[in-house]
Amino acid sequence: MLEKRYDPHQVEEGKYENWKSKGYFTAGDKSKIPYTIVIPPPNVTGKLHIGHAWDTTIQDIIARYKRLQGFDMLYLPGMDHAGIATQAKVMQKLVNNGIDVTKITREEFLKWAWAWKDEYADNIHKQWAKMGISLDYTRERFTLDEGLNYAVRTVFVNLYNKGLIYQGERIINWDPVQQTALSNIEVIHQDDPGKMFYFKYPIVGENDSLIVATTRPETMFGDVCVVVNPNDENLKKYIGKKVINPANGDELPVIGDDYVEIGFGTGAMKCTPAHDPNDFIIGKKYGFPMPIIFNKDATMNEKCGKYCGLDRFECRKVLVEDIKAAGNFVKTEDIVHPVGHSERNNCVVEPMLSKQWFVKMRPLAEQSLKNQDSETKVNFVPERFEKVFTSWMENVEDWCVSRQLWWGHRIPAYYNKKTGEVRVSMDPPEDMENWDQESDVLDTWFSSALWPFSTLGWPNKTEDLDRYFPTDCLVTGYDIIFFWVSRMIFQSLEMTKQRPFKNVVIHGLVRDELGRKMSKSLGNGVDPMDVIEQYGADALRYFLTTNSTPGQDMRYIDEKVQAASNYLNKIWNSARYVLSILPEDFAPKALDKKDFAPLDQWIINRLEETIKNVTANMDKFDFNAASSHLYNFVYDDFCGQYLEMSKVALNSDDTKAKEITNQVLYSVLKNIILLIYPYTPFIAEELYLNIPAHKDSVMLEKYPLYNKELVDESSEGQVNVLFAMIKDVRNYKIENKLAPNAKLELKIKLKINVFDAFETYLKRFTFSDVEFVDEIENSGDINVYNEGSMLIKNEAGKEDLIKKLEKDIESIKSEIIRCEKMLGNPGFVSKAPAEKIELEKNKLEQHKKNLAELETKLSSLK
RNA sequence: GGACACUUAGUUCAGUGGGAGAACGCUUCCUUCACACGGAAGAGGUCAUUGGUUCAAUCCCAAUAGUGUCCACCA
């Protein structure tokens with residue numbers, strides 16, 4: 001017997017471990033059609049946040065839905081080593097433990113990092129379990145494990161041999177805190193307040209000067225020339241002359257290039273090829289030297305004279321003061337301009353000339369774009385995100401993949417100690433003593449990009465790869481379309497000649513109650529484990545997946561989780577009630593619509609309709625729409641109507657009616673449990689295990705299928721009359737200030753013969769005394785229905801009743817006017833579809849009929 | 001500078017080319033034998049603004065305003 005109150009903790013206790021130990025999460029049934037989802041591997045840097053909970057719950061709903069539909073469901077788990085983020089955290093931990101990280105070796109560090117990984121992986125496993133994520137742990141992978149390293153090396157060597165990976169000296173984004181290169185998308189441009197400095201660059205040998213503006217005076221030590229537009233009437237006379245760099249007194253040539261925009265700024269631009277991507281292009285074009293003026297930690301280096309050793313921002317201050325003192329300062333302006341920050345630690349990124357490894361993106365991007373025009377395109381849900389992907393691909397630049405870190409896949413390149421020859425190969429050269437391996441590792445996203453196939457054993461031709469790849473569905477947030485989705489697509493197409501997934505379901509971000517992004521600095525993050533502690537995993541899951549439309553952001557609102565919990569309590573209690581009625585020897589039988597009373601038929605019609613709608617929306621990944629169909633069915637149809645009305649049959653002497661009612665109650669309850677199961681597996685399992693004739697787990701059941709054979713709408717009209725009567729009686733009692741259980745004298749006449757079907761219901765449920773008459777007296781208070789009428793003898797509240805009637809008549813009159821206007825419009829009659837016209841005609845007729853009846857009633861009342 | 005999204009009830013959000021919906025909140029009533037984490041009844045909206053397409057626009061199109069997000073090397 002179920003407890004009176006749904007207690008999520010009691011319900012959720014032990015279920016996950018049971019499922020897992022029984023092997024229900026394990027894929028591999030060859031008799032079924034495979035369906036594959038790989039988890040977006042969370043970083044081993046910390047615990048899962050509410051965004052992860054959303055992401056994985058969507059996946060789990062799909063997984064549980066597909067599994068119940070009879071697919072061989074593979075939901076593959078794993079985690080990401082998250083190079084920079086993890087290395088930073090482990091280093092911090094070592095510092096906190098008093099370890100001198102400057103003396104530590106690569107090997108020692110990696111030992112610490114692996115220990116860290118184990119600890120955090122353990123934590124994440126526990127969180128997945130709490131949330132009920134049905135992952136196949138027999139196939140769990142880590143982006144840094146042996147097999148994935150093999151895949152990474154294979155891809156690197158392959159791309160290198162095709163000329164799609166190269167080593168080059170280019171301007172990259174330098175993170176001076178982590179002291180590593182970053183890719184473009186790891187840099188966040190934000191508008192920061194800053195200053196534009198204007199300096200005089202005196203002309204050599206003349207009493208004249210050029211005014212040059214810059215936001216980064218400290219880079220002046222790397223200036224190689226000043227550029228003006230050759231068509232600039234005011235400035236072209238300076239081309240060929242030399243100017244003095246006010247920072248260090250160097251003589252710089254003035255050159256002409258139409259890259260510089262006339263009229264922008266002062267019209268003269270200083271060129272620092274080693275520290276600005278545009279200047280780099282110019283520097284290269286004219287063959288200038290490219291002096292690097294920063295150390296790796298972004299302090300000034302020896303090229304900066306007395307400023308050597310100063311922090312870049314400190315240098316800026318001092319230098320500006322010195323230029324002022326020398327009389328070359330013109331002015332400053334306060335400006336707001338975009339400044340690049342490291343995505344990981346928010347420090348200001350420094351553009352810096354550096355030798356790094358790059359992936360040549362153009363050919364790979366072209367291939368990905370071309371694939372979107374084919375039948376095997378990746379289907380974005382919602383569709384609009386495809387444009388985000390394609391426009392990025394169209395403009396993508398080469399991808400800097402080398403990182404100056406330890407925690408990651410070490411690049412399989414080797415340098416010959418004597419000749420300097422570079423060799424890229426799967427395995428180290430045989431005479432390794434003569435070679436040094438590249439010390440850099442690869443960008444974390446390089447290995448993540450291979451995730452959908454590397455986890456299945458690629459490049460080996462494994463059974464799993466053959467069976468489960470390409471995967472069916474990837475679920476992720478729109479914020480990592482560039483980082484991850486795009487890269488999986490091009491790597492997969494290049495390496496496997498197949499798309500990595502058929503569908504990619506994009507969701508938004510979880511925001512706080514005020515719509516703000518959750519962040520550590522605001523301290524407004526919500527820990528899913530706290531929510532589970534308070535409301536249970538099922539309520540959290542239900543809330544997360546039913547409160548937004550696909551691709552849209554969502555706010556975390558505590559009351560809504562509470563509402564979800566109330567809904568589950570509602571289902572719980574209805575189940576408790578149904579189970580309390582079913583006889584001990586109850587045995588489910590196949591339903592046959594010829595046994596149904598009109599009410600039974602009605603609820604079965606509603607159920608089948610619900611199954612159809614839920615399934616259709618599940619298939620579209622629209623979980624909000626799917627769940628609301630079920631919600632309405634549970635509250636309005638099942639609990640609101642059928643559960644109450646069926647009490648009549650249950651309390652009657654009609655054993656046949658009782659038996660059918662029991663069968664219907666059982667069937668509806670079981671279907672509700674199965675339909676809610678993907679969302680809230682714990683409570684579904686608990687209820688399922690309490691219904692008669694259950695299997696060992698709800699996970700062994702079959703998902704409901706729409707069954708047309710059970711549907712019959714011929715008695716809908718009768719049921720609707722009944723419901724309308726009940727509603728009117730309730731209204732009547734309220735309007736007349738009668739107690740809900742007050743006895744009423746009613747006279748009812750129905751044109752269609754539903755007396756047999758409803759007499760008991762009418763007597764038992766809503767009314768206390770029902771009197772049936774053949775004719776309705778044209779006096780007293782009368783409520784009229786399409787198929788009949790109901791007479792209520794009434795003395796009290798006559799005035800209120802008249803008021804209400806008048807109000808109803810007003811609104812129905814305006815409806816009639818609307819209909820008549822429409823039907824009187826020649827445009828409508830000639831152009832609207834025939835069925836629309838028919839519909840309006842019927843409406844008008846109905847309204848007129850209702851109006852006449854209301855008016856009769858009103859006049860009889862008066 | 002480009003691109004995308006959003007603007008609907010007090011709040012958070014669904015939705016549809018032809019009579020405006022949910023949840024929460026609010027008002028009134030009810031502890032009646034599944035559930036007061038409940039039930040019944042109800043109030044509350046010129047669907048941002050202005051044009052256009054259409055027989056018909058909250059919905060499609062365009063512009064405007066506001067909000068948010070992403071992309072972008074402009075000194």
# chains A, B, ... in the order shown; residues from 1 in each chain; ligands from 1

$ closest_atom_pairs --of "chain B" --to "chain A" --cutoff "6 Å" --atoms "only C-alpha atoms (C1' of nucleotides)" --output "CSV"
residue,atom,partner,partner_atom,distance
B:A34,C1',A:Tyr577,CA,4.2
B:C35,C1',A:Asn573,CA,5.3
B:C37,C1',A:Asn566,CA,5.1
B:C55,C1',A:Gly827,CA,3.8
B:C73,C1',A:Asn278,CA,5.8
B:A75,C1',A:Met269,CA,5.4

$ write_last_selection --atoms "all heavy atoms" --output "compact mmCIF listing (two decimals), in the first residue's frame"
# COMPACT_ATOMS: atom_id res chain seq x y z
P A B 34 -12.41 9.13 -1.71
OP1 A B 34 -12.99 10.31 -2.36
OP2 A B 34 -12.93 7.78 -2.04
O5' A B 34 -10.85 9.09 -2.04
C5' A B 34 -9.99 8.20 -1.35
C4' A B 34 -8.56 8.59 -1.61
O4' A B 34 -8.29 8.47 -3.04
C3' A B 34 -8.24 10.05 -1.28
O3' A B 34 -7.87 10.20 0.07
C2' A B 34 -7.07 10.33 -2.23
O2' A B 34 -5.87 9.78 -1.73
C1' A B 34 -7.49 9.54 -3.47
N9 A B 34 -8.27 10.33 -4.43
C8 A B 34 -9.63 10.48 -4.48
N7 A B 34 -10.05 11.24 -5.47
C5 A B 34 -8.89 11.60 -6.12
C6 A B 34 -8.64 12.40 -7.25
N6 A B 34 -9.61 12.97 -7.96
N1 A B 34 -7.37 12.56 -7.63
C2 A B 34 -6.40 11.97 -6.92
N3 A B 34 -6.50 11.19 -5.82
C4 A B 34 -7.78 11.05 -5.48
P C B 35 -8.19 11.58 0.84
OP1 C B 35 -7.84 11.38 2.26
OP2 C B 35 -9.55 12.00 0.46
O5' C B 35 -7.16 12.61 0.20
C5' C B 35 -5.76 12.48 0.44
C4' C B 35 -5.00 13.37 -0.52
O4' C B 35 -5.35 13.03 -1.88
C3' C B 35 -5.34 14.86 -0.43
O3' C B 35 -4.61 15.48 0.61
C2' C B 35 -4.92 15.36 -1.81
O2' C B 35 -3.53 15.57 -1.87
C1' C B 35 -5.28 14.16 -2.70
N1 C B 35 -6.58 14.35 -3.39
C2 C B 35 -6.57 14.95 -4.66
O2 C B 35 -5.48 15.29 -5.14
N3 C B 35 -7.74 15.15 -5.30
C4 C B 35 -8.89 14.77 -4.73
N4 C B 35 -10.01 14.98 -5.41
C5 C B 35 -8.91 14.15 -3.44
C6 C B 35 -7.75 13.97 -2.81
P C B 37 -1.67 21.45 2.07
OP1 C B 37 -1.32 20.21 2.72
OP2 C B 37 -1.10 22.72 2.55
O5' C B 37 -1.44 21.29 0.52
C5' C B 37 -0.90 22.37 -0.32
C4' C B 37 -0.50 21.73 -1.62
O4' C B 37 0.86 21.23 -1.47
C3' C B 37 -1.40 20.52 -1.89
O3' C B 37 -2.41 20.72 -2.88
C2' C B 37 -0.47 19.29 -1.96
O2' C B 37 -0.55 18.63 -3.19
C1' C B 37 0.93 19.87 -1.74
N1 C B 37 1.62 19.18 -0.63
C2 C B 37 2.74 18.41 -0.95
O2 C B 37 3.08 18.31 -2.13
N3 C B 37 3.41 17.80 0.04
C4 C B 37 2.99 17.93 1.31
N4 C B 37 3.68 17.32 2.25
C5 C B 37 1.87 18.70 1.65
C6 C B 37 1.22 19.30 0.66
P C B 55 -8.22 38.67 -50.74
OP1 C B 55 -8.90 37.66 -51.59
OP2 C B 55 -7.75 39.95 -51.30
O5' C B 55 -9.18 39.00 -49.52
C5' C B 55 -10.29 39.89 -49.69
C4' C B 55 -11.29 39.67 -48.59
O4' C B 55 -11.82 38.33 -48.70
C3' C B 55 -10.72 39.70 -47.18
O3' C B 55 -10.61 41.03 -46.71
C2' C B 55 -11.76 38.91 -46.40
O2' C B 55 -12.90 39.68 -46.12
C1' C B 55 -12.13 37.82 -47.42
N1 C B 55 -11.38 36.57 -47.22
C2 C B 55 -11.73 35.75 -46.13
O2 C B 55 -12.64 36.12 -45.39
N3 C B 55 -11.07 34.59 -45.93
C4 C B 55 -10.09 34.24 -46.76
N4 C B 55 -9.47 33.10 -46.52
C5 C B 55 -9.70 35.05 -47.87
C6 C B 55 -10.38 36.20 -48.07
P C B 73 37.82 39.09 -35.41
OP1 C B 73 38.90 38.55 -36.22
OP2 C B 73 37.39 38.41 -34.15
O5' C B 73 38.13 40.59 -35.06
C5' C B 73 39.01 40.90 -34.00
C4' C B 73 39.88 42.07 -34.39
O4' C B 73 40.82 41.65 -35.41
C3' C B 73 39.14 43.21 -35.06
O3' C B 73 38.56 44.07 -34.08
C2' C B 73 40.24 43.89 -35.86
O2' C B 73 41.07 44.68 -35.04
C1' C B 73 41.03 42.68 -36.35
N1 C B 73 40.58 42.21 -37.70
C2 C B 73 40.69 43.05 -38.81
O2 C B 73 41.13 44.19 -38.63
N3 C B 73 40.30 42.61 -40.02
C4 C B 73 39.83 41.36 -40.16
N4 C B 73 39.45 40.97 -41.37
C5 C B 73 39.70 40.48 -39.05
C6 C B 73 40.09 40.94 -37.84
P A B 75 39.85 50.03 -32.55
OP1 A B 75 39.62 49.48 -31.23
OP2 A B 75 38.92 50.91 -33.22
O5' A B 75 41.30 50.73 -32.58
C5' A B 75 42.20 49.99 -33.11
C4' A B 75 43.54 50.44 -33.40
O4' A B 75 43.58 50.98 -34.74
C3' A B 75 44.22 51.46 -32.48
O3' A B 75 45.38 50.82 -31.94
C2' A B 75 44.56 52.64 -33.37
O2' A B 75 45.87 53.08 -33.16
C1' A B 75 44.45 52.09 -34.78
N9 A B 75 43.91 53.04 -35.76
C8 A B 75 43.45 54.31 -35.57
N7 A B 75 43.05 54.90 -36.67
C5 A B 75 43.27 53.95 -37.66
C6 A B 75 43.05 53.95 -39.05
N6 A B 75 42.55 54.99 -39.71
N1 A B 75 43.36 52.85 -39.75
C2 A B 75 43.87 51.81 -39.09
N3 A B 75 44.11 51.67 -37.78
C4 A B 75 43.79 52.80 -37.11

$ residues_around --residues "U16 in chain B" --least-positions-apart "3" --cutoff "10 Å" --atoms "only C-alpha atoms (C1' of nucleotides)" --output "PyMOL selection string"
chain B and resi 20+58-59

$ closest_residue --among "A:Gly508, A:Asp464, A:Ala449, A:Leu94" --to "U69 in chain B" --atoms "only C-alpha atoms (C1' of nucleotides)"
A:Gly508

$ atom_distance --atom1 "CA of Ile211 in chain A" --atom2 "CA of Gly327 in chain A"
12.7 Å

$ residues_around --residues "Val561 in chain A" --least-positions-apart "3" --cutoff "6 Å" --atoms "only C-alpha atoms (C1' of nucleotides)" --output "number ranges by chain"
A: 539, 543, 558, 564

$ select_by_dssp --residues "range 103-333 of chain A" --states "strand (DSSP E)" --output "PyMOL selection string"
chain A and resi 141-142+165-175+180-182+187-202+209-214+225-228+242-244+251-256+268-271+329-333

$ residues_around --residues "U49 in chain B" --least-positions-apart "4" --cutoff "12 Å" --atoms "only C-alpha atoms (C1' of nucleotides)" --output "mmCIF file with N, CA, C and O atoms (P, O5', C5', C4', C3', O3' and C1' of nucleotides), in the first residue's frame"
data_model
loop_
_atom_site.group_PDB
_atom_site.id
_atom_site.type_symbol
_atom_site.label_atom_id
_atom_site.label_comp_id
_atom_site.auth_asym_id
_atom_site.auth_seq_id
_atom_site.Cartn_x
_atom_site.Cartn_y
_atom_site.Cartn_z
ATOM 1 P P U B 7 7.653 36.740 -27.221
ATOM 2 O "O5'" U B 7 7.519 38.208 -26.628
ATOM 3 C "C5'" U B 7 7.640 38.437 -25.208
ATOM 4 C "C4'" U B 7 7.582 39.930 -24.941
ATOM 5 C "C3'" U B 7 6.238 40.566 -25.312
ATOM 6 O "O3'" U B 7 5.708 41.326 -24.241
ATOM 7 C "C1'" U B 7 8.043 41.709 -26.382
ATOM 8 P P A B 63 12.938 45.556 -42.563
ATOM 9 O "O5'" A B 63 12.369 46.868 -41.854
ATOM 10 C "C5'" A B 63 12.531 48.134 -42.484
ATOM 11 C "C4'" A B 63 11.683 49.166 -41.778
ATOM 12 C "C3'" A B 63 12.062 49.455 -40.337
ATOM 13 O "O3'" A B 63 13.165 50.313 -40.216
ATOM 14 C "C1'" A B 63 9.715 49.199 -40.499
ATOM 15 P P U B 64 14.115 50.215 -38.949
ATOM 16 O "O5'" U B 64 13.190 50.799 -37.792
ATOM 17 C "C5'" U B 64 12.742 52.153 -37.851
ATOM 18 C "C4'" U B 64 11.813 52.446 -36.701
ATOM 19 C "C3'" U B 64 12.348 52.081 -35.319
ATOM 20 O "O3'" U B 64 13.257 53.044 -34.816
ATOM 21 C "C1'" U B 64 10.125 51.328 -35.511
ATOM 22 P P A B 65 14.490 52.574 -33.919
ATOM 23 O "O5'" A B 65 13.798 52.376 -32.501
ATOM 24 C "C5'" A B 65 13.073 53.448 -31.901
ATOM 25 C "C4'" A B 65 12.282 52.942 -30.720
ATOM 26 C "C3'" A B 65 13.060 52.043 -29.766
ATOM 27 O "O3'" A B 65 13.866 52.780 -28.875
ATOM 28 C "C1'" A B 65 10.978 51.061 -30.228
ATOM 29 P P G B 66 15.298 52.195 -28.415
ATOM 30 O "O5'" G B 66 14.870 51.102 -27.335
ATOM 31 C "C5'" G B 66 14.246 51.517 -26.121
ATOM 32 C "C4'" G B 66 13.606 50.336 -25.454
ATOM 33 C "C3'" G B 66 14.557 49.193 -25.103
ATOM 34 O "O3'" G B 66 15.294 49.441 -23.928
ATOM 35 C "C1'" G B 66 12.634 48.315 -26.139
#

$ decode --residues "range 468-495 of chain A" --atoms "N, CA, C and O atoms" --output "PDB file, in the first residue's frame"
ATOM      1  N   TYR A 468      26.466   1.408 -33.706  1.00  0.00           N
ATOM      2  CA  TYR A 468      25.893   2.591 -33.058  1.00  0.00           C
ATOM      3  C   TYR A 468      26.269   3.926 -33.690  1.00  0.00           C
ATOM      4  O   TYR A 468      25.860   4.980 -33.217  1.00  0.00           O
ATOM      5  N   PHE A 469      27.080   3.869 -34.743  1.00  0.00           N
ATOM      6  CA  PHE A 469      27.507   5.109 -35.385  1.00  0.00           C
ATOM      7  C   PHE A 469      26.999   5.143 -36.808  1.00  0.00           C
ATOM      8  O   PHE A 469      27.014   4.116 -37.468  1.00  0.00           O
ATOM      9  N   PRO A 470      26.550   6.277 -37.318  1.00  0.00           N
ATOM     10  CA  PRO A 470      26.434   7.591 -36.676  1.00  0.00           C
ATOM     11  C   PRO A 470      25.403   7.570 -35.547  1.00  0.00           C
ATOM     12  O   PRO A 470      24.446   6.810 -35.613  1.00  0.00           O
ATOM     13  N   THR A 471      25.603   8.425 -34.571  1.00  0.00           N
ATOM     14  CA  THR A 471      24.667   8.455 -33.454  1.00  0.00           C
ATOM     15  C   THR A 471      23.378   9.149 -33.909  1.00  0.00           C
ATOM     16  O   THR A 471      23.340   9.796 -34.943  1.00  0.00           O
ATOM     17  N   ASP A 472      22.339   8.956 -33.125  1.00  0.00           N
ATOM     18  CA  ASP A 472      21.032   9.460 -33.552  1.00  0.00           C
ATOM     19  C   ASP A 472      20.772  10.882 -33.103  1.00  0.00           C
ATOM     20  O   ASP A 472      20.148  11.660 -33.810  1.00  0.00           O
ATOM     21  N   CYS A 473      21.228  11.210 -31.920  1.00  0.00           N
ATOM     22  CA  CYS A 473      20.803  12.479 -31.356  1.00  0.00           C
ATOM     23  C   CYS A 473      21.863  13.020 -30.416  1.00  0.00           C
ATOM     24  O   CYS A 473      22.399  12.286 -29.590  1.00  0.00           O
ATOM     25  N   LEU A 474      22.173  14.287 -30.585  1.00  0.00           N
ATOM     26  CA  LEU A 474      23.069  14.952 -29.650  1.00  0.00           C
ATOM     27  C   LEU A 474      22.305  16.097 -29.014  1.00  0.00           C
ATOM     28  O   LEU A 474      21.619  16.840 -29.705  1.00  0.00           O
ATOM     29  N   VAL A 475      22.408  16.201 -27.698  1.00  0.00           N
ATOM     30  CA  VAL A 475      21.709  17.276 -26.985  1.00  0.00           C
ATOM     31  C   VAL A 475      22.735  18.196 -26.358  1.00  0.00           C
ATOM     32  O   VAL A 475      23.613  17.737 -25.623  1.00  0.00           O
ATOM     33  N   THR A 476      22.649  19.477 -26.662  1.00  0.00           N
ATOM     34  CA  THR A 476      23.600  20.393 -26.043  1.00  0.00           C
ATOM     35  C   THR A 476      23.086  21.822 -26.088  1.00  0.00           C
ATOM     36  O   THR A 476      22.096  22.109 -26.741  1.00  0.00           O
ATOM     37  N   GLY A 477      23.763  22.710 -25.375  1.00  0.00           N
ATOM     38  CA  GLY A 477      23.353  24.107 -25.299  1.00  0.00           C
ATOM     39  C   GLY A 477      23.869  24.897 -26.487  1.00  0.00           C
ATOM     40  O   GLY A 477      24.873  24.539 -27.087  1.00  0.00           O
ATOM     41  N   TYR A 478      23.174  25.971 -26.830  1.00  0.00           N
ATOM     42  CA  TYR A 478      23.602  26.754 -27.992  1.00  0.00           C
ATOM     43  C   TYR A 478      24.955  27.404 -27.772  1.00  0.00           C
ATOM     44  O   TYR A 478      25.620  27.814 -28.707  1.00  0.00           O
ATOM     45  N   ASP A 479      25.389  27.491 -26.519  1.00  0.00           N
ATOM     46  CA  ASP A 479      26.657  28.164 -26.247  1.00  0.00           C
ATOM     47  C   ASP A 479      27.869  27.373 -26.707  1.00  0.00           C
ATOM     48  O   ASP A 479      28.956  27.933 -26.789  1.00  0.00           O
ATOM     49  N   ILE A 480      27.702  26.088 -27.010  1.00  0.00           N
ATOM     50  CA  ILE A 480      28.883  25.369 -27.489  1.00  0.00           C
ATOM     51  C   ILE A 480      28.726  24.806 -28.896  1.00  0.00           C
ATOM     52  O   ILE A 480      29.357  23.827 -29.264  1.00  0.00           O
ATOM     53  N   ILE A 481      27.912  25.469 -29.686  1.00  0.00           N
ATOM     54  CA  ILE A 481      27.785  25.069 -31.091  1.00  0.00           C
ATOM     55  C   ILE A 481      29.139  25.197 -31.795  1.00  0.00           C
ATOM     56  O   ILE A 481      29.572  24.310 -32.505  1.00  0.00           O
ATOM     57  N   PHE A 482      29.842  26.318 -31.539  1.00  0.00           N
ATOM     58  CA  PHE A 482      31.138  26.516 -32.193  1.00  0.00           C
ATOM     59  C   PHE A 482      32.196  25.600 -31.618  1.00  0.00           C
ATOM     60  O   PHE A 482      32.919  24.937 -32.331  1.00  0.00           O
ATOM     61  N   PHE A 483      32.256  25.606 -30.283  1.00  0.00           N
ATOM     62  CA  PHE A 483      33.310  24.856 -29.619  1.00  0.00           C
ATOM     63  C   PHE A 483      33.276  23.382 -29.999  1.00  0.00           C
ATOM     64  O   PHE A 483      34.299  22.763 -30.221  1.00  0.00           O
ATOM     65  N   TRP A 484      32.070  22.857 -30.010  1.00  0.00           N
ATOM     66  CA  TRP A 484      31.969  21.408 -30.044  1.00  0.00           C
ATOM     67  C   TRP A 484      31.211  20.854 -31.234  1.00  0.00           C
ATOM     68  O   TRP A 484      31.726  20.024 -31.983  1.00  0.00           O
ATOM     69  N   VAL A 485      29.969  21.307 -31.399  1.00  0.00           N
ATOM     70  CA  VAL A 485      29.115  20.737 -32.441  1.00  0.00           C
ATOM     71  C   VAL A 485      29.775  20.866 -33.818  1.00  0.00           C
ATOM     72  O   VAL A 485      29.900  19.892 -34.563  1.00  0.00           O
ATOM     73  N   SER A 486      30.247  22.064 -34.134  1.00  0.00           N
ATOM     74  CA  SER A 486      30.871  22.307 -35.429  1.00  0.00           C
ATOM     75  C   SER A 486      32.076  21.400 -35.638  1.00  0.00           C
ATOM     76  O   SER A 486      32.281  20.840 -36.711  1.00  0.00           O
ATOM     77  N   ARG A 487      32.870  21.271 -34.597  1.00  0.00           N
ATOM     78  CA  ARG A 487      34.112  20.521 -34.744  1.00  0.00           C
ATOM     79  C   ARG A 487      33.861  19.029 -34.838  1.00  0.00           C
ATOM     80  O   ARG A 487      34.581  18.306 -35.526  1.00  0.00           O
ATOM     81  N   MET A 488      32.824  18.560 -34.140  1.00  0.00           N
ATOM     82  CA  MET A 488      32.476  17.148 -34.301  1.00  0.00           C
ATOM     83  C   MET A 488      32.036  16.883 -35.726  1.00  0.00           C
ATOM     84  O   MET A 488      32.355  15.852 -36.310  1.00  0.00           O
ATOM     85  N   ILE A 489      31.279  17.832 -36.281  1.00  0.00           N
ATOM     86  CA  ILE A 489      30.755  17.621 -37.629  1.00  0.00           C
ATOM     87  C   ILE A 489      31.892  17.546 -38.647  1.00  0.00           C
ATOM     88  O   ILE A 489      31.976  16.608 -39.431  1.00  0.00           O
ATOM     89  N   PHE A 490      32.830  18.500 -38.581  1.00  0.00           N
ATOM     90  CA  PHE A 490      33.854  18.443 -39.634  1.00  0.00           C
ATOM     91  C   PHE A 490      34.849  17.300 -39.419  1.00  0.00           C
ATOM     92  O   PHE A 490      35.296  16.685 -40.373  1.00  0.00           O
ATOM     93  N   GLN A 491      35.161  16.998 -38.167  1.00  0.00           N
ATOM     94  CA  GLN A 491      36.081  15.874 -37.937  1.00  0.00           C
ATOM     95  C   GLN A 491      35.441  14.556 -38.343  1.00  0.00           C
ATOM     96  O   GLN A 491      36.091  13.691 -38.925  1.00  0.00           O
ATOM     97  N   SER A 492      34.169  14.413 -38.032  1.00  0.00           N
ATOM     98  CA  SER A 492      33.495  13.172 -38.359  1.00  0.00           C
ATOM     99  C   SER A 492      33.401  12.988 -39.870  1.00  0.00           C
ATOM    100  O   SER A 492      33.665  11.901 -40.393  1.00  0.00           O
ATOM    101  N   LEU A 493      33.021  14.059 -40.547  1.00  0.00           N
ATOM    102  CA  LEU A 493      32.911  13.951 -42.007  1.00  0.00           C
ATOM    103  C   LEU A 493      34.264  13.623 -42.636  1.00  0.00           C
ATOM    104  O   LEU A 493      34.360  12.833 -43.565  1.00  0.00           O
ATOM    105  N   GLU A 494      35.323  14.227 -42.094  1.00  0.00           N
ATOM    106  CA  GLU A 494      36.642  14.010 -42.663  1.00  0.00           C
ATOM    107  C   GLU A 494      37.170  12.607 -42.337  1.00  0.00           C
ATOM    108  O   GLU A 494      37.761  11.942 -43.175  1.00  0.00           O
ATOM    109  N   MET A 495      36.917  12.174 -41.105  1.00  0.00           N
ATOM    110  CA  MET A 495      37.532  10.917 -40.659  1.00  0.00           C
ATOM    111  C   MET A 495      36.689   9.683 -40.968  1.00  0.00           C
ATOM    112  O   MET A 495      37.213   8.626 -41.250  1.00  0.00           O
TER     113      MET A 495
END
